[in-house]
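What follows is input_4.cif (mmCIF, C-alpha atoms).
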data_target
loop_
_atom_site.label_atom_id
_atom_site.label_comp_id
_atom_site.auth_asym_id
_atom_site.auth_seq_id
_atom_site.Cartn_x
_atom_site.Cartn_y
_atom_site.Cartn_z
CA MET A 191 83.73 109.76 164.02
CA PRO A 192 81.37 108.14 161.50
CA ALA A 193 77.59 108.19 161.84
CA PHE A 194 74.82 106.11 160.32
CA LEU A 195 71.35 107.38 159.53
CA VAL A 196 68.58 104.88 158.76
CA VAL A 197 65.12 105.94 157.63
CA GLY A 198 62.14 103.82 158.66
CA GLN A 199 59.52 105.05 156.21
CA LYS A 200 56.61 103.21 157.90
CA VAL A 201 58.03 102.49 161.35
CA CYS A 202 55.58 103.28 164.13
CA THR A 203 56.06 106.47 166.09
CA ASP A 204 54.52 105.61 169.40
CA HIS A 205 55.49 103.18 172.13
CA LYS A 206 52.35 101.04 172.06
CA PHE A 207 53.77 98.13 170.11
CA SER A 208 54.10 94.56 171.35
CA LEU A 209 57.56 93.14 172.09
CA ASN A 210 56.13 89.79 170.97
CA ASP A 211 55.29 90.99 167.45
CA LEU A 212 58.08 93.28 166.32
CA THR A 213 57.76 92.28 162.68
CA GLY A 214 54.01 92.45 162.26
CA SER A 215 52.82 95.37 164.33
CA THR A 216 55.56 98.01 164.12
CA GLY A 217 55.91 98.98 160.45
CA ARG A 218 59.12 96.90 160.48
CA LEU A 219 60.86 98.36 163.49
CA ASP A 220 62.67 94.99 163.60
CA VAL A 221 64.74 96.08 160.61
CA LEU A 222 65.97 99.14 162.52
CA LEU A 223 66.66 97.08 165.65
CA ARG A 224 69.02 94.91 163.65
CA CYS A 225 70.71 98.09 162.43
CA VAL A 226 71.35 99.09 166.06
CA ASN A 227 73.01 95.73 166.61
CA SER A 228 75.15 96.10 163.47
CA VAL A 229 76.34 99.58 164.36
CA PHE A 230 77.34 98.94 167.96
CA MET A 231 77.89 95.27 168.71
CA LEU A 232 81.42 93.95 168.86
CA SER A 233 82.35 90.64 170.42
CA ASN A 234 82.22 91.42 174.17
CA ASP A 235 82.30 95.16 173.54
CA ILE A 236 80.39 98.12 172.11
CA ARG A 237 81.65 100.41 169.36
CA ARG A 238 82.11 103.72 171.14
CA ASP A 239 83.33 105.70 168.13
CA VAL A 240 80.11 105.83 166.13
CA ASP A 241 76.62 107.37 166.34
CA LEU A 242 73.36 106.11 164.88
CA TYR A 243 70.27 108.13 163.96
CA LEU A 244 66.99 106.35 163.32
CA VAL A 245 64.33 108.44 161.58
CA LEU A 246 60.83 107.01 162.11
CA LEU A 247 58.12 108.21 159.74
CA GLY A 248 55.17 105.87 160.28
CA GLU A 249 51.89 106.55 162.07
CA PRO A 250 50.62 107.86 164.44
CA ASP A 251 53.00 110.72 165.27
CA PRO A 252 55.74 111.34 162.69
CA PRO A 253 58.45 112.45 162.44
CA ARG A 254 60.41 111.02 165.34
CA ALA A 255 64.17 110.58 165.52
CA ILE A 256 66.16 108.45 167.93
CA LEU A 257 69.87 109.03 168.43
CA PHE A 258 72.22 106.37 169.81
CA ARG A 259 75.56 107.82 170.95
CA GLY A 260 78.15 105.07 171.11
CA ARG A 261 80.38 106.76 173.66
CA GLU A 262 77.52 107.04 176.20
CA LEU A 263 75.49 103.89 175.51
CA LYS A 264 74.51 101.57 178.34
CA TYR A 265 72.13 98.63 178.67
CA LEU A 266 72.46 97.65 175.02
CA ASN A 267 72.28 93.93 174.28
CA PRO A 268 72.53 92.22 170.91
CA ASP A 269 69.02 90.77 170.71
CA GLU A 270 66.11 92.48 168.99
CA ARG A 271 63.70 92.26 171.88
CA SER A 272 65.79 94.09 174.45
CA THR A 273 66.71 96.81 171.96
CA ALA A 274 63.01 97.18 171.16
CA ALA A 275 62.40 97.86 174.86
CA LEU A 276 64.97 100.70 174.72
CA VAL A 277 63.24 102.18 171.67
CA LYS A 278 59.90 101.89 173.45
CA ASN A 279 61.36 103.95 176.31
CA ALA A 280 62.65 106.57 173.90
CA LEU A 281 59.22 106.88 172.23
CA MET A 282 57.58 107.39 175.62
CA LYS A 283 59.37 110.74 175.95
CA GLU A 284 57.45 113.81 174.85
CA ALA A 285 58.67 114.64 171.36
CA THR A 286 60.16 118.14 171.18
CA GLY A 287 62.66 119.84 168.91
CA ASP A 288 65.46 119.10 171.39
CA TRP A 289 67.09 115.76 172.05
CA THR A 290 65.74 114.28 175.28
CA GLN A 291 67.60 111.41 176.88
CA SER A 292 65.57 108.30 177.72
CA THR A 293 68.31 105.90 178.84
CA PRO A 294 72.09 106.48 178.83
CA GLY A 295 73.23 107.28 175.29
CA ILE A 296 69.74 107.18 173.76
CA TYR A 297 67.91 110.40 172.84
CA ALA A 298 64.60 111.17 171.16
CA ALA A 299 63.37 114.27 169.33
CA ARG A 300 60.75 115.38 166.81
CA ARG A 301 62.91 115.49 163.69
CA GLY A 302 62.72 114.24 160.14
CA LEU A 303 65.55 113.47 157.76
CA ALA A 304 66.17 117.09 156.72
CA GLU A 305 66.38 118.30 160.35
CA VAL A 306 68.77 115.54 161.39
CA LEU A 307 70.99 116.20 158.39
CA ALA A 308 70.97 119.92 159.14
CA GLU A 309 72.65 119.32 162.46
CA LEU A 310 75.34 117.23 160.76
CA GLU A 311 76.32 119.99 158.37
CA GLY A 312 79.80 120.08 156.87
CA ARG A 313 80.23 116.31 156.73
CA ARG A 314 80.12 114.19 153.60
CA LEU A 315 77.11 111.93 153.02
CA VAL A 316 77.59 108.41 151.73
CA TYR A 317 74.23 107.22 150.43
CA LEU A 318 74.18 103.41 150.30
CA LYS A 319 72.19 102.35 147.26
CA GLU A 320 72.34 99.50 144.76
CA ASP A 321 73.06 101.71 141.73
CA GLY A 322 75.97 103.62 143.31
CA SER A 323 79.70 103.38 142.63
CA LEU A 324 81.48 100.38 144.17
CA LEU A 325 82.72 100.89 147.72
CA SER A 326 86.13 99.45 146.83
CA GLY A 327 86.77 102.47 144.59
CA ILE A 328 86.01 105.01 147.33
CA THR A 329 88.33 106.50 149.94
CA MET A 330 86.21 106.71 153.04
CA ARG A 331 86.62 109.49 155.55
CA PRO A 332 86.46 108.88 159.28
CA ASP A 333 83.59 111.36 159.69
CA ASP A 334 81.42 110.21 156.77
CA ILE A 335 77.68 109.94 157.39
CA PHE A 336 76.20 106.78 155.90
CA VAL A 337 72.55 107.18 154.91
CA LEU A 338 70.29 104.27 154.00
CA GLY A 339 66.70 103.12 153.94
CA GLY A 340 65.37 100.51 156.39
CA LYS A 341 62.73 98.20 154.92
CA GLU A 342 61.75 100.72 152.24
CA ASP A 343 63.96 102.78 149.95
CA LEU A 344 64.28 106.49 150.63
CA SER A 345 61.50 108.58 149.09
CA ALA A 346 62.14 110.77 146.05
CA GLU A 347 61.90 113.79 148.35
CA HIS A 348 64.56 112.37 150.67
CA GLU A 349 66.81 111.62 147.73
CA LYS A 350 66.45 115.26 146.68
CA THR A 351 67.38 116.45 150.19
CA ILE A 352 70.47 114.26 150.12
CA ALA A 353 71.51 115.27 146.61
CA ALA A 354 71.25 118.94 147.60
CA ARG A 355 74.11 118.59 150.11
CA PRO A 356 77.46 120.03 149.03
CA GLU A 357 79.05 116.57 149.16
CA THR A 358 77.18 113.33 148.60
CA LEU A 359 78.45 110.02 147.25
CA LYS A 360 76.14 107.23 146.12
CA VAL A 361 77.85 103.95 146.95
CA SER A 362 77.01 100.29 146.29
CA LEU A 363 78.41 97.44 148.35
CA GLY A 364 78.17 94.75 145.72
CA PRO A 365 76.02 93.02 143.13
CA ARG A 366 73.27 91.85 145.50
CA SER A 367 70.56 93.87 147.17
CA LEU A 368 71.20 93.62 150.91
CA HIS A 369 69.35 94.32 154.14
CA ALA A 370 70.17 97.60 155.88
CA ASP A 371 71.86 95.95 158.86
CA HIS A 372 74.10 93.89 156.60
CA CYS A 373 75.07 97.05 154.68
CA ILE A 374 76.12 98.67 157.96
CA THR A 375 78.25 95.68 158.98
CA ILE A 376 80.07 95.75 155.65
CA ALA A 377 80.64 99.52 155.74
CA LEU A 378 82.01 99.38 159.29
CA ASN A 379 84.32 96.52 158.41
CA ALA A 380 85.65 98.55 155.49
CA LEU A 381 86.24 101.49 157.86
CA ASP A 382 87.97 99.18 160.37
CA ASN A 383 90.31 97.90 157.71
CA MET A 384 91.11 101.39 156.46
CA ARG A 385 92.49 102.51 159.81
CA MET B 166 78.41 76.41 146.64
CA PRO B 167 79.79 77.79 149.93
CA ALA B 168 78.66 76.56 153.33
CA PHE B 169 78.88 78.01 156.82
CA LEU B 170 79.25 76.00 160.00
CA VAL B 171 78.65 77.69 163.34
CA VAL B 172 79.28 75.94 166.65
CA GLY B 173 77.07 76.84 169.63
CA GLN B 174 79.15 75.46 172.49
CA LYS B 175 76.43 75.95 175.11
CA VAL B 176 73.31 76.25 172.99
CA CYS B 177 70.42 74.17 174.31
CA THR B 178 69.63 70.89 172.59
CA ASP B 179 65.97 70.51 173.30
CA HIS B 180 62.93 72.43 172.16
CA LYS B 181 61.69 73.53 175.57
CA PHE B 182 62.96 77.09 175.46
CA SER B 183 60.82 80.22 175.60
CA LEU B 184 60.48 82.39 172.49
CA ASN B 185 60.24 85.33 174.90
CA ASP B 186 63.68 84.77 176.41
CA LEU B 187 66.00 83.72 173.61
CA THR B 188 69.03 85.37 175.15
CA GLY B 189 68.69 84.21 178.74
CA SER B 190 67.35 80.67 178.61
CA THR B 191 68.88 79.06 175.53
CA GLY B 192 72.67 79.10 176.00
CA ARG B 193 72.71 81.94 173.47
CA LEU B 194 70.71 80.44 170.67
CA ASP B 195 70.01 84.06 169.73
CA VAL B 196 73.56 84.33 168.37
CA LEU B 197 72.93 81.43 166.00
CA LEU B 198 69.55 82.83 164.94
CA ARG B 199 71.28 85.99 163.80
CA CYS B 200 73.71 83.80 161.84
CA VAL B 201 70.75 82.23 160.01
CA ASN B 202 69.60 85.73 159.06
CA SER B 203 73.10 86.71 157.86
CA VAL B 204 73.53 83.62 155.72
CA PHE B 205 70.20 83.70 153.91
CA MET B 206 68.54 87.10 154.01
CA LEU B 207 68.77 89.33 150.98
CA SER B 208 66.55 92.34 150.41
CA ASN B 209 63.25 90.72 149.29
CA ASP B 210 64.96 87.42 148.56
CA ILE B 211 66.75 84.43 150.08
CA ARG B 212 70.25 83.29 149.15
CA ARG B 213 69.65 79.93 147.48
CA ASP B 214 73.30 79.14 146.74
CA VAL B 215 74.51 78.52 150.29
CA ASP B 216 74.02 76.01 153.14
CA LEU B 217 74.32 76.56 156.88
CA TYR B 218 75.11 73.99 159.56
CA LEU B 219 74.49 74.83 163.21
CA VAL B 220 76.17 72.49 165.72
CA LEU B 221 74.51 72.68 169.16
CA LEU B 222 76.50 71.32 172.08
CA GLY B 223 74.69 72.51 175.21
CA GLU B 224 72.52 70.53 177.61
CA PRO B 225 70.43 68.40 177.84
CA ASP B 226 70.98 66.25 174.74
CA PRO B 227 74.16 67.07 172.76
CA PRO B 228 75.28 66.87 170.07
CA ARG B 229 72.57 68.10 167.73
CA ALA B 230 73.08 69.58 164.28
CA ILE B 231 70.64 71.60 162.22
CA LEU B 232 71.12 72.03 158.49
CA PHE B 233 69.55 74.88 156.50
CA ARG B 234 69.62 74.25 152.74
CA GLY B 235 69.23 77.53 150.90
CA ARG B 236 67.80 76.04 147.71
CA GLU B 237 64.93 74.37 149.60
CA LEU B 238 64.21 76.84 152.40
CA LYS B 239 60.69 78.08 153.03
CA TYR B 240 59.02 80.06 155.83
CA LEU B 241 62.22 81.89 156.76
CA ASN B 242 61.78 85.46 157.98
CA PRO B 243 64.47 87.88 159.08
CA ASP B 244 63.50 88.25 162.74
CA GLU B 245 64.99 86.20 165.56
CA ARG B 246 61.72 85.06 167.04
CA SER B 247 60.28 83.39 163.94
CA THR B 248 63.60 81.69 163.17
CA ALA B 249 63.67 80.44 166.77
CA ALA B 250 60.29 78.79 166.15
CA LEU B 251 61.78 76.94 163.15
CA VAL B 252 64.71 75.74 165.29
CA LYS B 253 62.26 74.62 167.96
CA ASN B 254 60.48 72.50 165.33
CA ALA B 255 63.78 70.96 164.22
CA LEU B 256 64.69 70.07 167.82
CA MET B 257 61.33 68.35 168.27
CA LYS B 258 62.36 65.69 165.75
CA GLU B 259 63.88 62.53 167.16
CA ALA B 260 67.67 62.88 166.83
CA THR B 261 69.17 60.11 164.71
CA GLY B 262 72.31 59.77 162.62
CA ASP B 263 70.37 60.71 159.49
CA TRP B 264 69.13 64.15 158.55
CA THR B 265 65.40 64.41 159.23
CA GLN B 266 63.46 67.27 157.68
CA SER B 267 61.34 69.38 160.03
CA THR B 268 60.18 72.15 157.70
CA PRO B 269 61.15 72.71 154.04
CA GLY B 270 64.93 73.09 153.80
CA ILE B 271 65.59 72.51 157.52
CA TYR B 272 67.00 69.19 158.75
CA ALA B 273 68.09 67.88 162.14
CA ALA B 274 70.45 65.05 163.12
CA ARG B 275 72.55 63.83 166.01
CA ARG B 276 75.95 65.06 164.86
CA GLY B 277 78.86 66.98 166.32
CA LEU B 278 81.46 69.06 164.52
CA ALA B 279 83.61 66.09 163.42
CA GLU B 280 80.64 64.20 161.94
CA VAL B 281 79.36 67.24 160.05
CA LEU B 282 82.83 67.97 158.67
CA ALA B 283 83.22 64.32 157.64
CA GLU B 284 80.28 64.62 155.26
CA LEU B 285 81.83 67.74 153.71
CA GLU B 286 85.08 65.99 152.84
CA GLY B 287 87.26 67.25 150.01
CA ARG B 288 86.37 70.91 150.48
CA ARG B 289 88.65 73.56 151.97
CA LEU B 290 87.87 74.92 155.43
CA VAL B 291 88.15 78.63 156.13
CA TYR B 292 88.30 79.05 159.89
CA LEU B 293 87.30 82.60 160.84
CA LYS B 294 89.41 83.70 163.80
CA GLU B 295 90.94 86.96 164.99
CA ASP B 296 94.57 85.79 164.68
CA GLY B 297 94.28 84.50 161.10
CA SER B 298 95.61 85.97 157.87
CA LEU B 299 93.69 88.91 156.44
CA LEU B 300 90.78 88.02 154.16
CA SER B 301 91.92 90.56 151.56
CA GLY B 302 95.02 88.45 150.92
CA ILE B 303 93.06 85.25 150.27
CA THR B 304 91.55 83.95 147.05
CA MET B 305 88.27 82.44 148.11
CA ARG B 306 86.84 79.40 146.38
CA PRO B 307 83.15 79.09 145.62
CA ASP B 308 82.88 75.85 147.62
CA ASP B 309 84.80 76.95 150.73
CA ILE B 310 83.34 75.96 154.09
CA PHE B 311 83.49 78.79 156.61
CA VAL B 312 83.75 77.57 160.20
CA LEU B 313 83.29 79.82 163.22
CA GLY B 314 82.23 79.86 166.85
CA GLY B 315 78.90 81.35 167.98
CA LYS B 316 79.04 83.07 171.36
CA GLU B 317 82.09 81.04 172.48
CA ASP B 318 85.29 80.28 170.59
CA LEU B 319 85.79 76.77 169.29
CA SER B 320 87.25 74.36 171.85
CA ALA B 321 90.88 73.18 171.61
CA GLU B 322 89.55 69.79 170.52
CA HIS B 323 87.53 71.38 167.71
CA GLU B 324 90.55 73.38 166.60
CA LYS B 325 92.51 70.14 166.41
CA THR B 326 89.76 68.52 164.29
CA ILE B 327 89.86 71.47 161.92
CA ALA B 328 93.64 71.61 161.71
CA ALA B 329 93.74 67.89 160.86
CA ARG B 330 91.91 68.50 157.55
CA PRO B 331 94.05 68.39 154.42
CA GLU B 332 93.28 72.03 153.67
CA THR B 333 92.41 74.64 156.31
CA LEU B 334 92.99 78.39 156.23
CA LYS B 335 92.73 80.55 159.33
CA VAL B 336 91.34 83.92 158.24
CA SER B 337 90.73 87.22 160.02
CA LEU B 338 88.26 89.82 158.78
CA GLY B 339 89.90 92.85 160.36
CA PRO B 340 91.35 94.41 163.50
CA ARG B 341 88.21 94.14 165.64
CA SER B 342 86.67 91.12 167.24
CA LEU B 343 83.24 90.69 165.66
CA HIS B 344 80.06 88.77 166.31
CA ALA B 345 79.57 85.57 164.32
CA ASP B 346 76.66 86.93 162.27
CA HIS B 347 78.65 90.01 161.28
CA CYS B 348 81.56 87.79 160.18
CA ILE B 349 79.20 85.84 157.93
CA THR B 350 77.82 89.02 156.33
CA ILE B 351 81.33 90.24 155.56
CA ALA B 352 82.47 86.87 154.16
CA LEU B 353 79.41 86.60 151.91
CA ASN B 354 79.88 90.14 150.64
CA ALA B 355 83.49 89.30 149.77
CA LEU B 356 82.25 86.20 147.90
CA ASP B 357 79.60 88.29 146.09
CA ASN B 358 82.21 90.78 144.95
CA MET B 359 84.55 88.03 143.78
CA ARG B 360 82.05 86.65 141.26
#
Rewritten as structure tokens:
Amino acid sequence: MPAFLVVGQKVCTDHKFSLNDLTGSTGRLDVLLRCVNSVFMLSNDIRRDVDLYLVLLGEPDPPRAILFRGRELKYLNPDERSTAALVKNALMKEATGDWTQSTPGIYAARRGLAEVLAELEGRRLVYLKEDGSLLSGITMRPDDIFVLGGKEDLSAEHEKTIAARPETLKVSLGPRSLHADHCITIALNALDNMR
Amino acid sequence: MPAFLVVGQKVCTDHKFSLNDLTGSTGRLDVLLRCVNSVFMLSNDIRRDVDLYLVLLGEPDPPRAILFRGRELKYLNPDERSTAALVKNALMKEATGDWTQSTPGIYAARRGLAEVLAELEGRRLVYLKEDGSLLSGITMRPDDIFVLGGKEDLSAEHEKTIAARPETLKVSLGPRSLHADHCITIALNALDNMR
């Protein structure tokens, strides 16, 4: 089962943001909300065979990670505002080293990129980045983990963490620099058509 | 230059909707807002070489069409709420047979699907639908017009209008039934990689 991991370098790490200003007051949580939509939303259905990890590294309480497990997810709608309310719930949970469920299929923990990747050991990373090899030349595996930045690129330190894995591919989706949620849609469509 | 045309069968045709309830009170305008994002949003840029037509057919004042011209667009942000405010502005304009500009690059008129297609004469239609031929087998043209339904499928009457054009292809993007905005992202990526 594939997984996606999106890093929100400046995304806020408490629940005190306004649902009426998701772009201005959240360190661009809106970008990650659109990623949730891209990973799970099918026409009249939810993708059950995929997981999504959001890693939030903004103020005031980093790092926080939120895990969306497709096979358990409930109450997910396609719009940004309602997904933001689910994230708000997850950030209300006390952040510990263990995953704590907030609503069905959504879990929160105090973890950064390295800790999340550590629990996904043994699986290949596909790092989505403009200067990678073209996706069309790659044979994807059904349990690949796709890693990408949200509004900001990954930091040099994160890139080092990723490169240190036994198996990492750097993959580009085309000649234009795309938003994270669009990258996810394209990668999932390629996986769909591979099956 | 390609164009996209998305039909919102039940999307509201006046400006009196709430920005705080885009999913519940608008006949699913939110679906079309995500299409605007998919058509135009690049990472730190806007696609200038594409147009988008939204055809709104819900109550109380159908039909209304809104045209987004990529080369002229200003004030477009990636989030649903701010795009909804632009649509609200466009729907405030008196609806006539001519395109009236509301904000830079955004125009409104009283037009249904047939009238919008009539002004795009001579160009091939690519109708995105689950039971079409696979995209990978198609050679796309740079001036193709991609037609698709928003939340609802096109009506039988609309399908007849489309089929009556001299050149129409019915194209599927893969084995899963996808949201309109995701279809647009995949089609644009295919166009990008064709160039």
Name the residues captured by the PyMOL selection byres ((chain B) within 9 of (chain A)) when it is applied to the shown file; answer as JSON, numbers by chain.
{"B": [184, 185, 186, 187, 188, 195, 196, 199, 203, 206, 207, 208, 209, 210, 243, 244, 245, 246, 316, 338, 339, 340, 341, 342, 343, 344, 345, 347, 348, 350, 351, 354, 355, 357, 358, 360]}
Could those selected residues go to a file with C-alpha atoms, as a CSV table (one decimal), keeping the file's coordinate frame?
chain,number,residue,atom,x,y,z
B,184,LEU,CA,60.5,82.4,172.5
B,185,ASN,CA,60.2,85.3,174.9
B,186,ASP,CA,63.7,84.8,176.4
B,187,LEU,CA,66.0,83.7,173.6
B,188,THR,CA,69.0,85.4,175.2
B,195,ASP,CA,70.0,84.1,169.7
B,196,VAL,CA,73.6,84.3,168.4
B,199,ARG,CA,71.3,86.0,163.8
B,203,SER,CA,73.1,86.7,157.9
B,206,MET,CA,68.5,87.1,154.0
B,207,LEU,CA,68.8,89.3,151.0
B,208,SER,CA,66.6,92.3,150.4
B,209,ASN,CA,63.2,90.7,149.3
B,210,ASP,CA,65.0,87.4,148.6
B,243,PRO,CA,64.5,87.9,159.1
B,244,ASP,CA,63.5,88.2,162.7
B,245,GLU,CA,65.0,86.2,165.6
B,246,ARG,CA,61.7,85.1,167.0
B,316,LYS,CA,79.0,83.1,171.4
B,338,LEU,CA,88.3,89.8,158.8
B,339,GLY,CA,89.9,92.8,160.4
B,340,PRO,CA,91.4,94.4,163.5
B,341,ARG,CA,88.2,94.1,165.6
B,342,SER,CA,86.7,91.1,167.2
B,343,LEU,CA,83.2,90.7,165.7
B,344,HIS,CA,80.1,88.8,166.3
B,345,ALA,CA,79.6,85.6,164.3
B,347,HIS,CA,78.6,90.0,161.3
B,348,CYS,CA,81.6,87.8,160.2
B,350,THR,CA,77.8,89.0,156.3
B,351,ILE,CA,81.3,90.2,155.6
B,354,ASN,CA,79.9,90.1,150.6
B,355,ALA,CA,83.5,89.3,149.8
B,357,ASP,CA,79.6,88.3,146.1
B,358,ASN,CA,82.2,90.8,145.0
B,360,ARG,CA,82.0,86.6,141.3
Using the chain letters and residue numbers of this document, give as a PyMOL selection string the residues selected by the PyMOL selection byres ((chain B and resi 192) around 8).
chain B and resi 175-177+188-191+193-194+223
Can you tell me how far atom CA of A:Leu266 sits from atom CA of A:Leu303, in Å to one decimal?
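Distance reported for this atom pair: 24.4 Å.
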May I ask for the distance between atom CA of A:Gly295 and atom CA of A:Glu249, given in Å to one decimal place?
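It comes out at 25.1 Å.
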Please write the residues picked by the PyMOL selection byres ((chain B and resi 228) around 8) on this file as a ChimeraX atom specification.
/B:178,220-223,226-227,229-230,275-277
Quick one: write out the picked residues with C-alpha atoms as a CSV table (one decimal), in the frame of the given file?
chain,number,residue,atom,x,y,z
B,178,THR,CA,69.6,70.9,172.6
B,220,VAL,CA,76.2,72.5,165.7
B,221,LEU,CA,74.5,72.7,169.2
B,222,LEU,CA,76.5,71.3,172.1
B,223,GLY,CA,74.7,72.5,175.2
B,226,ASP,CA,71.0,66.2,174.7
B,227,PRO,CA,74.2,67.1,172.8
B,229,ARG,CA,72.6,68.1,167.7
B,230,ALA,CA,73.1,69.6,164.3
B,275,ARG,CA,72.6,63.8,166.0
B,276,ARG,CA,76.0,65.1,164.9
B,277,GLY,CA,78.9,67.0,166.3
Edge lengths and centre in Å to one decimal, as JSON, is what I'm after for the box along x, y and z that holds all listed atoms of stretch 232-237 of chain A once 4 Å is added on each side.
{"center_x": 81.4, "center_y": 95.5, "center_z": 171.5, "size_x": 10.0, "size_y": 17.8, "size_z": 13.3}
Fewer than 5 positions away in the same chain doesn't count, so skip those; otherwise give me all residues within 8 Å of B:Lys253, counting all atoms listed in the file, as JSON, numbers by chain.
{"B": [179, 180, 181, 182]}
Hey, can you check how far atom CA of B:Leu217 sits from atom CA of B:Arg234?
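Between these atoms lies a distance of 6.7 Å.
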Show which residues sit within 9 Å of B:Thr268, as a short mmCIF file (atom, residue, chain, number, x, y, z; two decimals) with C-alpha atoms, keeping the file's coordinate frame. Count all atoms listed in the file, and ignore same-chain residues fewer than 6 positions away.
data_model
loop_
_atom_site.label_atom_id
_atom_site.label_comp_id
_atom_site.auth_asym_id
_atom_site.auth_seq_id
_atom_site.Cartn_x
_atom_site.Cartn_y
_atom_site.Cartn_z
CA LEU B 238 64.21 76.84 152.40
CA LYS B 239 60.69 78.08 153.03
CA TYR B 240 59.02 80.06 155.83
CA LEU B 251 61.78 76.94 163.15
CA ASN B 254 60.48 72.50 165.33
CA ALA B 255 63.78 70.96 164.22
#
